[in-house]
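Novice: Got a file for you: query_18.tsv, TSV, C-alpha atoms and all ligand atoms.
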```tsv
chain	number	residue	atom	x	y	z
E	1	GLY	CA	-127.39	-5.96	-166.74
E	2	VAL	CA	-128.72	-2.77	-165.22
E	3	ILE	CA	-126.16	-0.60	-163.49
E	4	LEU	CA	-127.60	1.51	-160.72
E	5	PRO	CA	-126.65	5.19	-160.78
E	6	GLY	CA	-125.32	4.88	-157.23
E	7	VAL	CA	-122.88	2.21	-158.28
E	8	LEU	CA	-121.71	4.28	-161.23
E	9	LEU	CA	-121.17	7.21	-158.94
E	10	LEU	CA	-119.21	5.01	-156.55
E	11	SER	CA	-116.84	3.67	-159.13
E	12	ALA	CA	-116.37	7.16	-160.50
E	13	CYS	CA	-115.48	8.43	-157.04
E	14	SER	CA	-113.04	5.66	-156.24
E	15	GLY	CA	-111.14	6.30	-159.46
E	16	GLY	CA	-108.54	8.46	-157.78
E	17	THR	CA	-107.78	6.30	-154.76
E	18	GLN	CA	-104.64	4.36	-153.98
E	19	ASN	CA	-106.21	1.26	-155.53
E	20	GLU	CA	-106.34	2.91	-158.94
E	21	SER	CA	-103.85	0.61	-160.61
E	22	ALA	CA	-105.57	-2.53	-159.34
E	23	ALA	CA	-109.09	-1.27	-160.10
E	24	THR	CA	-109.25	-2.68	-163.57
E	25	SER	CA	-112.94	-3.46	-163.73
E	26	ALA	CA	-115.69	-0.88	-163.84
E	27	ASP	CA	-117.68	-2.70	-161.19
E	28	GLY	CA	-115.10	-1.96	-158.49
E	29	ILE	CA	-114.41	-5.53	-157.47
E	30	GLN	CA	-110.81	-6.58	-157.07
E	31	GLU	CA	-109.04	-9.89	-156.49
E	32	ARG	CA	-109.23	-10.54	-152.74
E	33	THR	CA	-108.48	-13.45	-150.46
E	34	ILE	CA	-110.41	-13.64	-147.25
E	35	LYS	CA	-109.12	-15.82	-144.46
E	36	ALA	CA	-112.09	-16.96	-142.36
E	37	GLY	CA	-111.93	-19.07	-139.22
E	38	ILE	CA	-114.44	-20.58	-136.79
E	39	GLY	CA	-114.34	-22.85	-133.75
E	40	ASN	CA	-116.78	-25.51	-134.90
E	41	SER	CA	-116.21	-28.24	-137.45
E	42	GLU	CA	-117.13	-28.05	-141.12
E	43	SER	CA	-120.04	-30.45	-140.62
E	44	HIS	CA	-121.59	-28.21	-137.93
E	45	PRO	CA	-124.27	-25.77	-139.20
E	46	GLN	CA	-121.82	-22.94	-138.48
E	47	GLY	CA	-119.28	-24.65	-140.76
E	48	GLN	CA	-121.90	-25.22	-143.43
E	49	GLY	CA	-122.84	-21.55	-143.14
E	50	MET	CA	-119.22	-20.63	-143.88
E	51	VAL	CA	-119.20	-22.94	-146.89
E	52	LYS	CA	-122.34	-21.14	-148.10
E	53	PHE	CA	-120.76	-17.74	-147.43
E	54	LYS	CA	-117.76	-18.73	-149.54
E	55	GLU	CA	-119.97	-19.90	-152.42
E	56	LEU	CA	-122.11	-16.77	-152.33
E	57	LEU	CA	-119.25	-14.32	-152.15
E	58	GLU	CA	-117.33	-16.02	-154.93
E	59	GLU	CA	-120.45	-16.05	-157.07
E	60	LYS	CA	-121.38	-12.42	-156.39
E	61	SER	CA	-117.84	-11.23	-157.09
E	62	GLY	CA	-117.47	-13.19	-160.33
E	63	GLY	CA	-114.84	-15.37	-158.65
E	64	LYS	CA	-112.67	-12.43	-157.58
E	65	MET	CA	-113.28	-12.46	-153.83
E	66	LYS	CA	-112.09	-15.82	-152.57
E	67	VAL	CA	-112.69	-17.27	-149.14
E	68	GLN	CA	-110.31	-19.64	-147.39
E	69	ASN	CA	-112.18	-21.39	-144.60
E	70	PHE	CA	-110.50	-22.72	-141.47
E	71	PHE	CA	-112.57	-24.87	-139.11
E	72	ASP	CA	-112.07	-26.47	-135.67
E	73	ALA	CA	-110.28	-23.46	-134.18
E	74	THR	CA	-107.19	-24.17	-136.30
E	75	LEU	CA	-106.63	-20.40	-136.41
E	76	GLY	CA	-107.33	-20.15	-132.66
E	77	ASP	CA	-110.36	-19.80	-130.45
E	78	ASP	CA	-113.01	-17.10	-130.63
E	79	LEU	CA	-111.03	-14.53	-128.65
E	80	LYS	CA	-107.75	-15.14	-130.45
E	81	MET	CA	-109.36	-14.91	-133.89
E	82	THR	CA	-111.20	-11.74	-132.91
E	83	GLU	CA	-107.87	-10.21	-131.89
E	84	ALA	CA	-106.35	-11.32	-135.20
E	85	LEU	CA	-109.15	-9.41	-136.98
E	86	GLN	CA	-108.41	-6.31	-134.91
E	87	GLY	CA	-104.76	-6.56	-135.88
E	88	GLY	CA	-105.59	-7.04	-139.56
E	89	LEU	CA	-104.06	-10.56	-139.62
E	90	GLN	CA	-107.33	-12.34	-140.41
E	91	GLU	CA	-110.38	-11.04	-142.28
E	92	VAL	CA	-113.42	-12.94	-140.93
E	93	THR	CA	-114.54	-14.89	-137.87
E	94	VAL	CA	-117.94	-15.80	-136.44
E	95	PRO	CA	-117.52	-16.12	-132.66
E	96	SER	CA	-120.07	-16.54	-129.95
E	97	THR	CA	-120.92	-13.12	-128.57
E	98	SER	CA	-120.43	-14.46	-125.02
E	99	PRO	CA	-116.60	-14.33	-124.82
E	100	LEU	CA	-116.63	-10.81	-126.33
E	101	VAL	CA	-118.05	-9.20	-123.19
E	102	GLY	CA	-114.60	-8.11	-122.08
E	103	MET	CA	-114.59	-5.82	-125.10
E	104	ILE	CA	-118.27	-4.83	-125.28
E	105	LYS	CA	-119.96	-5.54	-121.97
E	106	GLU	CA	-123.46	-5.02	-123.39
E	107	PHE	CA	-123.20	-8.25	-125.39
E	108	GLY	CA	-123.82	-9.81	-121.97
E	109	ILE	CA	-127.56	-9.14	-122.29
E	110	TYR	CA	-127.72	-12.14	-124.65
E	111	ASP	CA	-126.27	-14.28	-121.87
E	112	PHE	CA	-129.20	-13.80	-119.51
E	113	PRO	CA	-130.73	-17.24	-118.97
E	114	PHE	CA	-134.34	-17.98	-119.91
E	115	VAL	CA	-135.01	-14.74	-121.82
E	116	PHE	CA	-136.04	-16.28	-125.14
E	117	ASN	CA	-138.49	-19.16	-125.51
E	118	THR	CA	-138.18	-19.55	-129.26
E	119	GLU	CA	-135.71	-18.78	-132.01
E	120	LYS	CA	-138.21	-16.31	-133.43
E	121	GLU	CA	-138.07	-14.26	-130.23
E	122	ALA	CA	-134.29	-14.21	-130.40
E	123	TYR	CA	-134.31	-13.12	-134.06
E	124	SER	CA	-136.60	-10.19	-133.33
E	125	VAL	CA	-134.11	-8.84	-130.80
E	126	LEU	CA	-130.95	-9.69	-132.76
E	127	ASP	CA	-132.23	-8.44	-136.12
E	128	GLY	CA	-133.94	-5.39	-134.62
E	129	ALA	CA	-132.88	-2.15	-132.95
E	130	VAL	CA	-131.21	-3.79	-129.94
E	131	GLY	CA	-129.08	-6.09	-132.07
E	132	GLN	CA	-128.03	-3.18	-134.28
E	133	LYS	CA	-127.10	-1.01	-131.30
E	134	LEU	CA	-124.61	-3.63	-130.20
E	135	LEU	CA	-123.19	-4.13	-133.71
E	136	ASP	CA	-122.67	-0.36	-133.83
E	137	LYS	CA	-120.23	-0.65	-130.93
E	138	LEU	CA	-117.87	-2.87	-132.92
E	139	PRO	CA	-116.12	-0.33	-135.20
E	140	GLU	CA	-114.52	1.48	-132.25
E	141	HIS	CA	-112.86	-1.88	-131.54
E	142	ASP	CA	-111.57	-2.21	-135.11
E	143	LEU	CA	-114.29	-4.68	-136.04
E	144	VAL	CA	-117.35	-4.59	-138.28
E	145	GLY	CA	-120.41	-6.76	-137.55
E	146	LEU	CA	-122.47	-7.99	-140.50
E	147	GLY	CA	-125.24	-9.59	-138.46
E	148	TYR	CA	-125.99	-12.51	-136.20
E	149	TRP	CA	-125.89	-16.19	-136.97
E	150	GLU	CA	-127.28	-18.90	-134.72
E	151	ASN	CA	-125.51	-20.88	-132.07
E	152	GLY	CA	-128.81	-21.48	-130.31
E	153	PHE	CA	-130.39	-22.89	-127.17
E	154	ARG	CA	-127.85	-24.46	-124.88
E	155	ASN	CA	-128.37	-27.75	-123.07
E	156	LEU	CA	-126.42	-29.31	-120.23
E	157	THR	CA	-124.46	-32.55	-120.48
E	158	ASN	CA	-122.53	-34.23	-117.68
E	159	SER	CA	-120.96	-37.49	-116.60
E	160	LYS	CA	-122.43	-37.72	-113.08
E	161	HIS	CA	-126.23	-37.78	-112.95
E	162	PRO	CA	-129.40	-36.62	-114.70
E	163	VAL	CA	-130.21	-32.95	-114.15
E	164	ASN	CA	-133.95	-32.54	-113.76
E	165	THR	CA	-134.22	-29.86	-111.11
E	166	ALA	CA	-132.43	-26.70	-109.98
E	167	GLU	CA	-130.98	-28.73	-107.08
E	168	ASP	CA	-129.35	-31.21	-109.44
E	169	PHE	CA	-126.73	-28.64	-110.51
E	170	LYS	CA	-125.19	-28.70	-107.04
E	171	GLY	CA	-121.55	-29.72	-106.98
E	172	LEU	CA	-121.21	-30.32	-110.73
E	173	LYS	CA	-118.03	-28.98	-112.28
E	174	ILE	CA	-119.23	-27.29	-115.44
E	175	ARG	CA	-117.19	-25.78	-118.24
E	176	THR	CA	-118.66	-22.42	-119.25
E	177	MET	CA	-117.70	-19.92	-121.89
E	178	GLN	CA	-115.44	-17.07	-120.78
E	179	ASN	CA	-118.34	-14.94	-119.63
E	180	GLU	CA	-119.19	-13.59	-116.18
E	181	VAL	CA	-122.98	-13.96	-116.52
E	182	HIS	CA	-122.62	-17.68	-117.26
E	183	LEU	CA	-120.10	-18.07	-114.44
E	184	GLU	CA	-122.27	-16.40	-111.84
E	185	ALA	CA	-125.47	-18.05	-113.00
E	186	PHE	CA	-123.96	-21.52	-112.63
E	187	SER	CA	-122.43	-20.58	-109.27
E	188	LYS	CA	-125.84	-19.42	-108.10
E	189	LEU	CA	-127.25	-22.85	-108.98
E	190	GLY	CA	-124.57	-24.41	-106.79
E	191	ALA	CA	-122.40	-25.71	-109.61
E	192	ASN	CA	-118.64	-25.18	-109.87
E	193	PRO	CA	-118.20	-23.36	-113.16
E	194	SER	CA	-114.85	-23.11	-114.86
E	195	PRO	CA	-114.39	-20.87	-117.90
E	196	MET	CA	-112.50	-22.42	-120.78
E	197	ALA	CA	-111.93	-21.94	-124.51
E	198	PHE	CA	-114.06	-24.17	-126.73
E	199	SER	CA	-111.27	-26.27	-128.23
E	200	GLU	CA	-110.19	-27.47	-124.78
E	201	VAL	CA	-113.59	-28.80	-123.78
E	202	PHE	CA	-113.46	-32.36	-125.09
E	203	THR	CA	-110.16	-33.12	-123.35
E	204	ALA	CA	-111.36	-31.51	-120.12
E	205	LEU	CA	-114.47	-33.71	-120.17
E	206	GLU	CA	-112.47	-36.80	-121.06
E	207	SER	CA	-109.89	-36.32	-118.33
E	208	GLY	CA	-112.54	-35.44	-115.76
E	209	THR	CA	-111.18	-31.92	-115.17
E	210	VAL	CA	-114.84	-30.95	-115.49
E	211	ASP	CA	-117.98	-33.08	-115.16
E	212	GLY	CA	-120.05	-31.30	-117.74
E	213	GLN	CA	-120.54	-28.57	-120.30
E	214	GLU	CA	-123.41	-26.85	-122.06
E	215	ASN	CA	-123.94	-26.24	-125.77
E	216	PRO	CA	-126.60	-26.55	-128.44
E	217	LEU	CA	-127.41	-30.09	-129.61
E	218	ALA	CA	-125.69	-29.73	-132.99
E	219	THR	CA	-122.44	-28.92	-131.18
E	220	ILE	CA	-122.85	-31.74	-128.66
E	221	LYS	CA	-123.19	-34.05	-131.66
E	222	THR	CA	-120.37	-32.75	-133.88
E	223	GLN	CA	-117.93	-32.49	-130.96
E	224	LYS	CA	-118.71	-36.13	-130.06
E	225	TYR	CA	-119.35	-35.28	-126.43
E	226	SER	CA	-121.50	-38.42	-126.18
E	227	GLU	CA	-118.21	-40.38	-126.02
E	228	VAL	CA	-117.41	-38.74	-122.69
E	229	GLN	CA	-120.81	-37.66	-121.32
E	230	ASP	CA	-123.70	-39.90	-120.25
E	231	TYR	CA	-126.41	-37.41	-119.38
E	232	LEU	CA	-128.08	-34.82	-121.53
E	233	SER	CA	-130.59	-32.52	-119.91
E	234	LEU	CA	-132.74	-30.38	-122.21
E	235	THR	CA	-132.37	-27.26	-120.08
E	236	LYS	CA	-132.51	-24.76	-122.97
E	237	HIS	CA	-131.25	-22.39	-120.29
E	238	VAL	CA	-129.93	-19.73	-122.63
E	239	TYR	CA	-129.91	-18.83	-126.33
E	240	THR	CA	-126.52	-17.55	-127.45
E	241	PRO	CA	-125.85	-16.06	-130.89
E	242	PHE	CA	-122.87	-15.99	-133.20
E	243	VAL	CA	-121.82	-12.63	-134.61
E	244	PHE	CA	-120.34	-12.32	-138.10
E	245	LEU	CA	-117.20	-10.19	-137.73
E	246	VAL	CA	-114.95	-8.58	-140.32
E	247	SER	CA	-111.61	-6.91	-139.65
E	248	LYS	CA	-112.25	-3.17	-139.91
E	249	LYS	CA	-108.84	-2.64	-141.46
E	250	PHE	CA	-109.83	-5.00	-144.25
E	251	TRP	CA	-113.37	-3.61	-144.50
E	252	ASP	CA	-112.12	-0.06	-144.93
E	253	SER	CA	-109.91	-1.18	-147.82
E	254	LEU	CA	-112.95	-2.47	-149.74
E	255	SER	CA	-114.90	-0.52	-152.33
E	256	GLU	CA	-118.53	0.16	-151.48
E	257	GLU	CA	-119.59	-2.45	-153.97
E	258	GLU	CA	-117.32	-5.03	-152.39
E	259	GLN	CA	-118.73	-4.13	-148.98
E	260	LYS	CA	-122.23	-4.48	-150.32
E	261	ILE	CA	-121.78	-7.97	-151.74
E	262	MET	CA	-119.87	-9.13	-148.70
E	263	SER	CA	-122.61	-7.97	-146.41
E	264	GLU	CA	-125.25	-9.60	-148.63
E	265	ALA	CA	-123.31	-12.87	-148.64
E	266	ALA	CA	-123.01	-12.83	-144.83
E	267	GLN	CA	-126.72	-12.09	-144.52
E	268	GLU	CA	-127.90	-14.74	-146.98
E	269	ALA	CA	-125.52	-17.36	-145.60
E	270	GLY	CA	-126.83	-16.46	-142.15
E	271	GLU	CA	-130.43	-17.14	-143.13
E	272	TYR	CA	-129.37	-20.48	-144.56
E	273	GLN	CA	-127.32	-21.22	-141.43
E	274	ARG	CA	-130.18	-20.46	-139.03
E	275	ALA	CA	-132.60	-22.74	-140.86
E	276	LEU	CA	-130.04	-25.53	-141.08
E	277	ASN	CA	-129.21	-25.13	-137.40
E	278	GLN	CA	-132.82	-25.70	-136.36
E	279	GLU	CA	-133.01	-28.81	-138.57
E	280	GLU	CA	-129.70	-30.18	-137.29
E	281	ASN	CA	-130.63	-29.60	-133.65
E	282	GLU	CA	-133.71	-31.73	-134.14
E	283	LYS	CA	-131.81	-34.51	-135.88
E	284	ALA	CA	-129.02	-34.40	-133.32
E	285	LEU	CA	-131.34	-35.30	-130.45
E	286	LYS	CA	-132.20	-38.65	-132.00
E	287	ILE	CA	-128.60	-39.39	-132.87
E	288	LEU	CA	-127.36	-38.55	-129.38
E	289	GLU	CA	-129.95	-40.92	-127.95
E	290	GLU	CA	-128.81	-43.65	-130.34
E	291	GLU	CA	-125.24	-42.99	-129.22
E	292	GLY	CA	-126.35	-43.91	-125.72
E	293	MET	CA	-126.88	-40.61	-123.96
E	294	LYS	CA	-129.59	-40.63	-121.32
E	295	ILE	CA	-131.79	-37.73	-122.25
E	296	ASN	CA	-134.24	-35.97	-119.99
E	297	GLU	CA	-136.60	-33.07	-120.56
E	298	VAL	CA	-136.86	-30.27	-118.04
E	299	SER	CA	-140.42	-29.37	-117.10
E	300	PRO	CA	-141.52	-25.74	-117.50
E	301	GLU	CA	-142.05	-25.60	-113.72
E	302	GLU	CA	-138.47	-26.68	-113.04
E	303	ALA	CA	-137.13	-24.28	-115.67
E	304	GLU	CA	-139.06	-21.52	-113.92
E	305	LYS	CA	-137.42	-22.50	-110.61
E	306	MET	CA	-133.98	-22.39	-112.21
E	307	LYS	CA	-134.83	-18.97	-113.59
E	308	GLU	CA	-135.86	-17.76	-110.12
E	309	VAL	CA	-132.62	-18.94	-108.55
E	310	ILE	CA	-130.62	-17.09	-111.22
E	311	GLN	CA	-132.76	-13.92	-111.19
E	312	PRO	CA	-130.56	-11.95	-108.71
E	313	VAL	CA	-127.60	-12.47	-111.05
E	314	THR	CA	-129.59	-11.23	-114.03
E	315	ASP	CA	-130.82	-8.21	-112.05
E	316	GLU	CA	-127.31	-7.27	-110.97
E	317	PHE	CA	-125.92	-7.50	-114.50
E	318	ALA	CA	-128.89	-5.67	-116.01
E	319	LYS	CA	-127.77	-2.61	-114.03
E	320	LYS	CA	-124.21	-3.02	-115.29
E	321	PHE	CA	-125.19	-3.40	-118.94
E	322	GLY	CA	-127.86	-0.68	-118.85
E	323	SER	CA	-131.41	-1.14	-117.60
E	324	ASP	CA	-132.83	0.73	-120.61
E	325	LEU	CA	-131.17	-1.68	-123.03
E	326	VAL	CA	-132.43	-4.71	-121.09
E	327	GLU	CA	-135.94	-3.25	-120.97
E	328	GLU	CA	-135.82	-2.63	-124.70
E	329	MET	CA	-134.86	-6.27	-125.24
E	330	MET	CA	-137.62	-7.52	-122.97
E	331	SER	CA	-140.31	-5.38	-124.56
E	332	GLU	CA	-139.26	-6.64	-127.99
E	333	VAL	CA	-139.67	-10.21	-126.71
E	334	GLU	CA	-143.07	-9.34	-125.25
E	335	LYS	CA	-144.16	-7.92	-128.60
E	336	VAL	CA	-143.34	-11.14	-130.45
E	337	ARG	CA	-144.86	-13.26	-127.69
E	338	GLY	CA	-148.07	-11.24	-127.83
E	339	ASN	CA	-148.55	-11.88	-131.55
E	401	LIG	C1	-117.08	-22.04	-131.16
E	401	LIG	C2	-117.75	-21.54	-129.89
E	401	LIG	C3	-118.86	-22.48	-129.45
E	401	LIG	C4	-119.50	-22.00	-128.15
E	401	LIG	C5	-118.68	-22.46	-126.95
E	401	LIG	O1	-115.97	-21.25	-131.45
E	401	LIG	O2	-117.58	-21.95	-126.74
E	401	LIG	O3	-119.14	-23.32	-126.20
E	401	LIG	O4	-120.80	-22.49	-128.03
E	401	LIG	O5	-119.81	-22.59	-130.47
E	401	LIG	O6	-118.26	-20.23	-130.11
```
Hey, can you dump this file as C-alpha cells for me?
Specialist:
Amino acid sequence: GVILPGVLLLSACSGGTQNESAATSADGIQERTIKAGIGNSESHPQGQGMVKFKELLEEKSGGKMKVQNFFDATLGDDLKMTEALQGGLQEVTVPSTSPLVGMIKEFGIYDFPFVFNTEKEAYSVLDGAVGQKLLDKLPEHDLVGLGYWENGFRNLTNSKHPVNTAEDFKGLKIRTMQNEVHLEAFSKLGANPSPMAFSEVFTALESGTVDGQENPLATIKTQKYSEVQDYLSLTKHVYTPFVFLVSKKFWDSLSEEEQKIMSEAAQEAGEYQRALNQEENEKALKILEEEGMKINEVSPEEAEKMKEVIQPVTDEFAKKFGSDLVEEMMSEVEKVRGN
C-alpha cells in the first residue's frame, strides 16, 4: 500500500524512544491490550458500539491492538472507571458526561433540559466547536476524549402514576444521575430526586427506595425496568451524551500511528453506535408496550410548561458554567433549526 510521508517521518522519529526494542514493525504498531468498560449491557447500543470498536481497532492494527470489553459496570460505574483511567489502571471507558461535572463543570451545559429537539441538533453542538472545547479540558485531568457517542433523549418511568403534566412530578422519588443540574431541575418540578450510580437503579426501583428513574428507551428496555415500573412518560426532557475516554497515561505511550487508528476506530464505531441507538430506541417503545408498560406522550404545550418551571435552574447554572459557552451552544442549535 501507499505509505504517507508523514507516517514515514513518524516512525523514523520514534526510532530512538524507549519502545525501540518492541517496535519491530515499520508501521509503528505494537502488541497492546486495551481494557474497556461500560455501564450498559452488551446488547445495548452502547455495548454494540464497543463490540464494533473492538472489531475496528483489531482490524486496523492487523490484530495487534486487542480490546477486552467489560459490560454491565463489572469494572465499576462511570465515575469509578473514569478514575481508573486517570490512574492508568484501565484504558477506555465511555461514561455519560453528566456524572463528570465534578471534574469539568462545563459538561453541565449538556444537562440543561429541553435544549435539543432532535439528535441532529445535539450532534451539531457535540461534533462542533462547543463539543471540542469541552474535550480539550480532559487532558489536564489525565484523560483524552475521542468524541461523543449517544446516550440520547431521556424519558421518565415510575411505579405510581402517569406523568402528563409538570404537576405530575410532585412527590415522586426519582433516581437521577450524580449531577446537580438534574437534581435541581427535578426538585424544581416538585419531585424528590436522589442521585445514584447506574448499577444500583434496578434494585432501588424494585425495593421501592425510589419510585422512578429516567433514561433513554433502549436503556429502559435492556435494564428490564418494565419489570418494576408501570408508567413510561415520553418526556424527552434532556439529551445526554456519552464521551469516549482514554487514559492519558496510556495514550501518551502510543505511537502517533496507534493514536490515529484508535481515534478513527472510536469515531467510526461512534457513528455506527448513534445510528443503532436511534433504531433501537424506536424498537424499544413497542417492546416496552408489549411488556405491559402504560405509555403516554407529553404534549409540546406541557413540555413547554415543564421547561418554564425549570428555567430558573438553567439560568443559574448558565452563569456558573459560562454564559458565553451557553450562548455559543444555543446559537449552534438555532443555526441547525433554521436550516
Ligand atoms: C451507564 C450510564 C447510563 C446513564 C445513567 O454507565 O446513569 O442513567 O444513562 O447510561 O452512563
Novice: With 8 Å on each side, where is the centre of the axis-aligned box around all listed atoms of segment 156-173 of chain E, and how long are its edges in Å to one decimal, as AutoDock Vina command-line options?
Specialist:
```
--center_x -126.1 --center_y -32.2 --center_z -113.7 --size_x 32.2 --size_y 27.1 --size_z 29.5
```
Novice: Sorted by chain and rising residue number, list the residues of chain E at most 6 Å from ligand LIG 401 (chain E) (counting only C-alpha atoms and all ligand atoms), each with its closest atom pair and distance in Å to one decimal, as CSV.
Specialist:
```
residue,atom,partner,partner_atom,distance
E:Ile38,CA,E:LIG401,O1,5.6
E:Gly39,CA,E:LIG401,O1,3.2
E:Asn40,CA,E:LIG401,C1,5.1
E:Asp77,CA,E:LIG401,O1,5.9
E:Asp78,CA,E:LIG401,O1,5.2
E:Pro95,CA,E:LIG401,O6,4.9
E:Ser96,CA,E:LIG401,O6,4.1
E:Met177,CA,E:LIG401,O2,5.3
E:Phe198,CA,E:LIG401,O2,4.2
E:Asn215,CA,E:LIG401,O4,5.4
```
Novice: Compare E:Glu184, E:Glu302, E:Glu31, E:Glu332 by their minimum atom-to-atom distance to Leu234 of chain E, counting only C-alpha atoms, and give me the closest one.
Specialist: E:Glu302
Novice: Taking into account only C-alpha atoms, which residue in the set E:Gln311, E:Asn158, E:Ser207, E:Thr222 is nearest to Lys283 of chain E?
Specialist: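 Distance minimum relative to Lys283 of chain E lands on E:Thr222.
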Novice: Take the point (-123.2, -1.0, -130.5) in the file's coordinates, draw a sphere of radius 12 Å around it, and report as JSON, numbers by chain every protein, DNA or RNA residue with an atom inside or on it, counting all atoms listed in the file.
Specialist: {"E": [103, 104, 105, 106, 107, 126, 129, 130, 131, 132, 133, 134, 135, 136, 137, 138, 139, 140, 141, 143, 144, 145, 147, 321, 325]}
Novice: Counting all atoms listed in the file, which of E:Glu268, E:Glu214, E:Glu91, E:Glu290 gets nearest to Asn155 of chain E?
Specialist: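 For Asn155 of chain E, the nearest of the candidates is E:Glu214.
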Novice: Might you pull out every residue within 7 Å of Thr97 of chain E, with only C-alpha atoms counted and same-chain residues fewer than 4 positions away left off, and present them as a list in words?
Specialist: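 Returned residues: Phe107, Pro241, Phe242 and Val243 of chain E.
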Novice: Please indicate the distance in Å from atom CA of Tyr123 of chain E to atom CA of Gly338 of chain E, rounded to one decimal place.
Specialist: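 Separation between atom CA of Tyr123 of chain E and atom CA of Gly338 of chain E: 15.2 Å.
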Novice: Within 12 Å of segment 210-213 of chain E, counting all atoms listed in the file, which residues show up once you throw out same-chain ones fewer than 2 positions away? Write them as a PyMOL selection string, please.
Specialist: chain E and resi 154-163+169-177+182+186+191-198+200-208+215-217+219-220+223+225-226+228-233+235
Novice: Find, counting all atoms listed in the file, the residue in E:Ala284, E:Val336, E:Ala303, E:Ala265 that gets nearest to Lys52 of chain E.
Specialist: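 Selected residue with least distance to Lys52 of chain E: E:Ala265.
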Novice: Point out the residue among E:Val246, E:Asp315, E:Asp168, E:Asn296 with the least atom-to-atom distance to Ala266 of chain E, counting all atoms listed in the file.
Specialist: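 Smallest distance to Ala266 of chain E is found for E:Val246.
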Novice: Would you list the contacts of Gly108 of chain E as a list in words, taking every protein, DNA or RNA residue within 7 Å and counting only C-alpha atoms, but skipping same-chain residues closer than 6 positions in sequence?
Specialist: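 So, after excluding close chain neighbours, the residues are Ser98, Val101 and Val181 of chain E.
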Novice: Would you save the residues from that selection as a PDB file, keeping the file's coordinate frame, using C-alpha atoms?
Specialist:
```pdb
ATOM      1  CA  SER E  98    -120.430 -14.460-125.020  1.00  0.00           C
ATOM      2  CA  VAL E 101    -118.050  -9.200-123.190  1.00  0.00           C
ATOM      3  CA  VAL E 181    -122.980 -13.960-116.520  1.00  0.00           C
TER       4      VAL E 181
END
```
Novice: If we count only C-alpha atoms, what is near Val313 of chain E at a cut-off of 12 Å, once residues fewer than 5 positions away on the same chain are taken out, given as a list in words?
Specialist: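 After dropping sequence-adjacent residues, the list is Gly108, Ile109, Asp111, Phe112, Pro113, Glu180, Val181, His182, Leu183, Glu184, Ala185, Phe186, Ser187, Lys188, Leu189, Met306, Lys307, Glu308, Ala318, Lys319 and Lys320 of chain E.
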Novice: E:Pro45, E:Leu56, E:Ser331, E:Pro300: which is nearest Lys221 of chain E, counting only C-alpha atoms?
Specialist: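 Of all the options, E:Pro45 lies closest to Lys221 of chain E.
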Novice: Residues at most 10 Å from Glu55 of chain E, counting all atoms listed in the file, excluding those fewer than 5 positions away in the same chain, as a PyMOL selection string?
Specialist: chain E and resi 49-50+60+63+66-67+265+269
Novice: Between atom CA of Phe71 of chain E and atom CA of Ala218 of chain E, what is the distance in Å, rounded to a tenth?
Specialist: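 Distance between the two atoms: 15.3 Å.
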Novice: How many Å lie between atom CA of Lys248 of chain E and atom CA of Tyr272 of chain E, rounded to one decimal?
Specialist: 24.8 Å
